[in-house]
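Enquirer: For reference, the structure I am asking about is given below.
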Amino acid sequence: MALINKNQKLSDVILEDPSIITVLNRFNIFLGVGDKTVEQACNEGKLNSEFFLIILNTFTNEEYFPEKLLKNFDVKLIIGYLNNTNNYYKQFIIPNIESHFNLLLKRSEDDNTNLELLRKFFLEVKSELLNRIASDTNTLFKETLLLDKNKGNRLSDDDIQITNGETTDDAIEDKIDDLVNMFIIHLTGKYDTNLCVAVLFAIISLKKDLCQNNRIRNRILMPIHHYLKSQQAND
Amino acid sequence: MTDHIALIIVRDTLRALGMKHLLSSLFGMDASIAQDATPIASSNECDRFDMIFVDEYNCLSHLDLFIPRKSKTIILANTDADKYISWQHINCNADIDHIVESVAAILKDMEHNNSAQTGLSAREIDVLKLVAQGLTNKEIADNLNISVNTVLSHRKNISAKLGIKSVSGLCVYAMMNGIIN
């Protein structure tokens, strides 16, 4: 897929890959984009167009990941985006999967215990993901912003309590992969086909989003955080 | 010798001993005997066993125990009655050849179902069962008298065959397929 450029119409970008709508929402751009170009939309929303384009291209192209360019952006910009993404998971995608799951169980045969087991497994994944989001918000993001703001000033140990934020990512991603495979490979019994597909699509969408988001979190923000922290230690 | 372990829950002691002898001498299976399902119903005792042979009285008195374990329950019936059509059952009043054939057919079905559903070998199913119960690799190795490396190799194969990597996922899979309850 060709990279998105600033002169392209936003509507064409969406038509090319509709899943990008969820990313646009994180920049306060919603449906009804008219015939604005990417650049015009950025000017209108006072967005950093370079950052915006990199995020869109990172999301739509798995092979594209300009690590050096991303690390040069203001850390507030990166954290702002990650924060919006976490809010999107919390407020939209997780409740969406859950409500579809509940409806699926309601409309499926009573003796299909497999669906209930899958729902419980999803709830476990949900809980781990929400814990990670809470830890990002309360610890990783907060502390990175503090370190960035106080570059050159010595912070007390109480201010820096960051844990290793990378520890549970693989587990969460592995579990989401497992959940998808259980639907695709191992599901048995009678169920509402449409709702089942809706649940599966929503989980796959979360899986893709999380994977792209983790690239920015783990390969951009974490190294920036470690760097800032090491600078503190050297001061 | 098969890897199965059976539980026989029968009020009639002679019938229980006869069944235990048949399983042991013709199918190489170890079996434990209980007369009453009541104390078993209140524990997870049943889950240790691959097959449960139960008489009609105990089965009907504890349907809540046996319905979730239907895939491994075999009713020892007094007739070949239609009422057990959806359950695996053996007519205890049939001649010896017929009873042996019935047990052999049930065992074959169980093994076929397990491997057809999962594509896993009997040993991999043993490992999966213990993984799903939360045992560590070392504990699984000790339990099955194999090395930790062999356990790791089985686990790798299980994940590759099922497309499931996490312990929670394997546990859910095992429950979905009646490997554990």
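Quick note on naming: the chains in the structure tokens go A, B, ... in the order shown, residues restart at 1 in each chain, and ligands are numbered from 1 in order of appearance.
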What's the 8 Å shell around region 26-36 of chain A, counting only C-alpha atoms, without same-chain residues fewer than 6 positions away, as a PyMOL selection string?
Expert: chain A and resi 9-11+45+47+81+84-85+88
Enquirer: Generate the output file for the selected residues, N, CA and C atoms, as a PDB file, in the first residue's frame.
Expert:
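So the final result, stored in part-v9.pdb, reads:
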ATOM      1  N   LYS A   9      -6.747  13.420  -0.356  1.00  0.00           N
ATOM      2  CA  LYS A   9      -8.024  13.716   0.294  1.00  0.00           C
ATOM      3  C   LYS A   9      -8.228  12.725   1.432  1.00  0.00           C
ATOM      4  N   LEU A  10      -8.714  13.243   2.547  1.00  0.00           N
ATOM      5  CA  LEU A  10      -8.948  12.401   3.712  1.00  0.00           C
ATOM      6  C   LEU A  10      -9.983  11.303   3.387  1.00  0.00           C
ATOM      7  N   SER A  11     -10.972  11.673   2.556  1.00  0.00           N
ATOM      8  CA  SER A  11     -12.011  10.680   2.208  1.00  0.00           C
ATOM      9  C   SER A  11     -11.407   9.509   1.431  1.00  0.00           C
ATOM     10  N   GLY A  45      -7.465  21.396  12.526  1.00  0.00           N
ATOM     11  CA  GLY A  45      -7.477  20.843  13.890  1.00  0.00           C
ATOM     12  C   GLY A  45      -6.232  21.193  14.686  1.00  0.00           C
ATOM     13  N   LEU A  47      -3.171  20.320  14.159  1.00  0.00           N
ATOM     14  CA  LEU A  47      -2.407  19.090  14.406  1.00  0.00           C
ATOM     15  C   LEU A  47      -1.039  19.192  13.747  1.00  0.00           C
ATOM     16  N   TYR A  81      -0.911  10.845  22.028  1.00  0.00           N
ATOM     17  CA  TYR A  81      -1.501   9.875  21.102  1.00  0.00           C
ATOM     18  C   TYR A  81      -1.745   8.526  21.794  1.00  0.00           C
ATOM     19  N   ASN A  84      -4.722   8.759  24.025  1.00  0.00           N
ATOM     20  CA  ASN A  84      -5.982   8.721  23.273  1.00  0.00           C
ATOM     21  C   ASN A  84      -6.300   7.299  22.800  1.00  0.00           C
ATOM     22  N   THR A  85      -5.243   6.583  22.417  1.00  0.00           N
ATOM     23  CA  THR A  85      -5.448   5.201  21.965  1.00  0.00           C
ATOM     24  C   THR A  85      -5.963   4.342  23.117  1.00  0.00           C
ATOM     25  N   TYR A  88      -9.470   5.013  23.680  1.00  0.00           N
ATOM     26  CA  TYR A  88     -10.287   4.372  22.650  1.00  0.00           C
ATOM     27  C   TYR A  88     -10.540   2.902  23.018  1.00  0.00           C
TER      28      TYR A  88
END
Enquirer: Tell me the residues of chain B close to chain A, meaning within 6 Å using only C-alpha atoms, as a PyMOL selection string.
Expert: chain B and resi 164+166+169+176
Enquirer: Just to be explicit: take each residue in the selection above, keep C-alpha atoms, and write the result as a compact mmCIF listing (two decimals), in the first residue's frame.
Expert:
# COMPACT_ATOMS: atom_id res chain seq x y z
CA ILE B 164 -2.90 -21.64 21.35
CA SER B 166 -1.02 -19.05 26.66
CA GLY B 169 -5.93 -20.34 26.48
CA MET B 176 -14.12 -26.77 25.83
Enquirer: Would you mind listing what lies within 9 Å of region 52-60 of chain A as a short mmCIF file (atom, residue, chain, number, x, y, z; two decimals) with C-alpha atoms, in the first residue's frame, with only C-alpha atoms counted and same-chain residues fewer than 6 positions away left out?
Expert:
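In the end it all went to result_7.cif:
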data_model
loop_
_atom_site.label_atom_id
_atom_site.label_comp_id
_atom_site.auth_asym_id
_atom_site.auth_seq_id
_atom_site.Cartn_x
_atom_site.Cartn_y
_atom_site.Cartn_z
CA MET A 1 0.00 0.00 0.00
CA ALA A 2 1.37 3.42 -0.99
CA LEU A 3 2.16 5.82 1.84
CA ILE A 4 -0.43 8.49 2.60
CA ASN A 5 0.71 12.01 1.76
CA LYS A 6 -0.45 15.43 2.91
CA ASP A 17 -8.56 1.48 4.58
CA SER A 19 -10.22 0.89 9.81
CA ILE A 20 -8.24 4.15 9.86
CA VAL A 23 -7.23 6.46 14.37
CA LEU A 24 -8.67 9.69 12.97
CA PHE A 27 -7.10 13.19 16.56
CA VAL A 38 -4.82 15.67 5.01
CA CYS A 42 -4.37 19.15 10.15
CA PRO A 66 10.31 5.34 10.98
CA LEU A 69 11.71 10.24 13.03
CA LEU A 70 9.25 9.25 15.73
CA TYR A 81 -1.50 9.88 21.10
CA LYS A 208 -4.31 -5.20 15.01
CA ASP A 209 -4.62 -1.90 16.85
CA GLN A 212 0.54 -1.18 16.02
CA ASN A 213 0.19 0.71 19.28
#
Enquirer: If we count only C-alpha atoms and set the cut-off at 10 Å, which residues sit around Val103 (chain B), ignoring sequence neighbours fewer than 3 positions away in its own chain? Please answer as a VMD selection string.
Expert: chain B and resid 22 to 23 26 to 27 74 88 to 90 98 to 100 106 to 109
Enquirer: Go ahead and save the residues from that selection, with N, CA and C atoms, as a compact mmCIF listing (two decimals), in the first residue's frame.
Expert:
# COMPACT_ATOMS: atom_id res chain seq x y z
N LEU B 22 -12.41 -57.11 34.76
CA LEU B 22 -12.50 -57.09 33.29
C LEU B 22 -11.61 -55.98 32.72
N LEU B 23 -11.69 -54.80 33.31
CA LEU B 23 -10.89 -53.67 32.81
C LEU B 23 -9.40 -53.94 32.96
N LEU B 26 -8.41 -57.47 30.66
CA LEU B 26 -8.52 -57.41 29.20
C LEU B 26 -8.05 -56.09 28.59
N PHE B 27 -8.09 -55.01 29.38
CA PHE B 27 -7.74 -53.71 28.80
C PHE B 27 -6.56 -53.02 29.51
N ILE B 74 -19.93 -43.90 31.65
CA ILE B 74 -20.52 -45.09 31.02
C ILE B 74 -21.49 -45.69 32.04
N GLN B 88 -23.29 -43.25 26.87
CA GLN B 88 -22.55 -44.48 26.61
C GLN B 88 -23.00 -45.46 27.69
N HIS B 89 -23.38 -46.68 27.29
CA HIS B 89 -23.82 -47.61 28.32
C HIS B 89 -23.48 -49.05 27.97
N ILE B 90 -23.44 -49.86 29.00
CA ILE B 90 -23.17 -51.29 28.82
C ILE B 90 -24.30 -52.06 29.48
N HIS B 98 -20.33 -59.84 24.47
CA HIS B 98 -21.01 -58.59 24.13
C HIS B 98 -20.49 -57.46 25.04
N ILE B 99 -20.31 -57.78 26.33
CA ILE B 99 -19.82 -56.75 27.27
C ILE B 99 -18.40 -56.31 26.88
N VAL B 100 -17.55 -57.29 26.58
CA VAL B 100 -16.16 -56.96 26.20
C VAL B 100 -16.15 -56.10 24.94
N ILE B 106 -16.31 -48.53 23.29
CA ILE B 106 -16.33 -47.24 24.00
C ILE B 106 -14.92 -46.66 24.11
N LEU B 107 -13.95 -47.53 24.46
CA LEU B 107 -12.56 -47.07 24.57
C LEU B 107 -12.06 -46.53 23.24
N LYS B 108 -12.37 -47.25 22.18
CA LYS B 108 -11.92 -46.84 20.84
C LYS B 108 -12.52 -45.48 20.49
N ASP B 109 -13.81 -45.33 20.76
CA ASP B 109 -14.51 -44.07 20.49
C ASP B 109 -13.87 -42.91 21.24
Enquirer: Which distance in Å separates CA of Asn138 (chain A) and CA of Ser49 (chain A), to one decimal?
Expert: 28.3 Å
Enquirer: Taking into account only C-alpha atoms, which residue in the set B:Ile179, B:Met19, B:Arg11, B:Asn157 is nearest to Ile96 (chain B)?
Expert: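 The shortest atom-to-atom distance to Ile96 (chain B) comes from B:Met19.
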Enquirer: Record the distance separating CA of Cys196 (chain A) and CA of His100 (chain A), expressed in Å with one decimal.
Expert: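 Distance reported for this atom pair: 8.1 Å.
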Enquirer: Determine the nearest neighbour of Leu123 (chain A) from the options A:Phe141, A:Pro95, A:Ser135, A:Lys151, counting only C-alpha atoms.
Expert: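 Among the listed residues, the smallest separation from Leu123 (chain A) belongs to A:Pro95.
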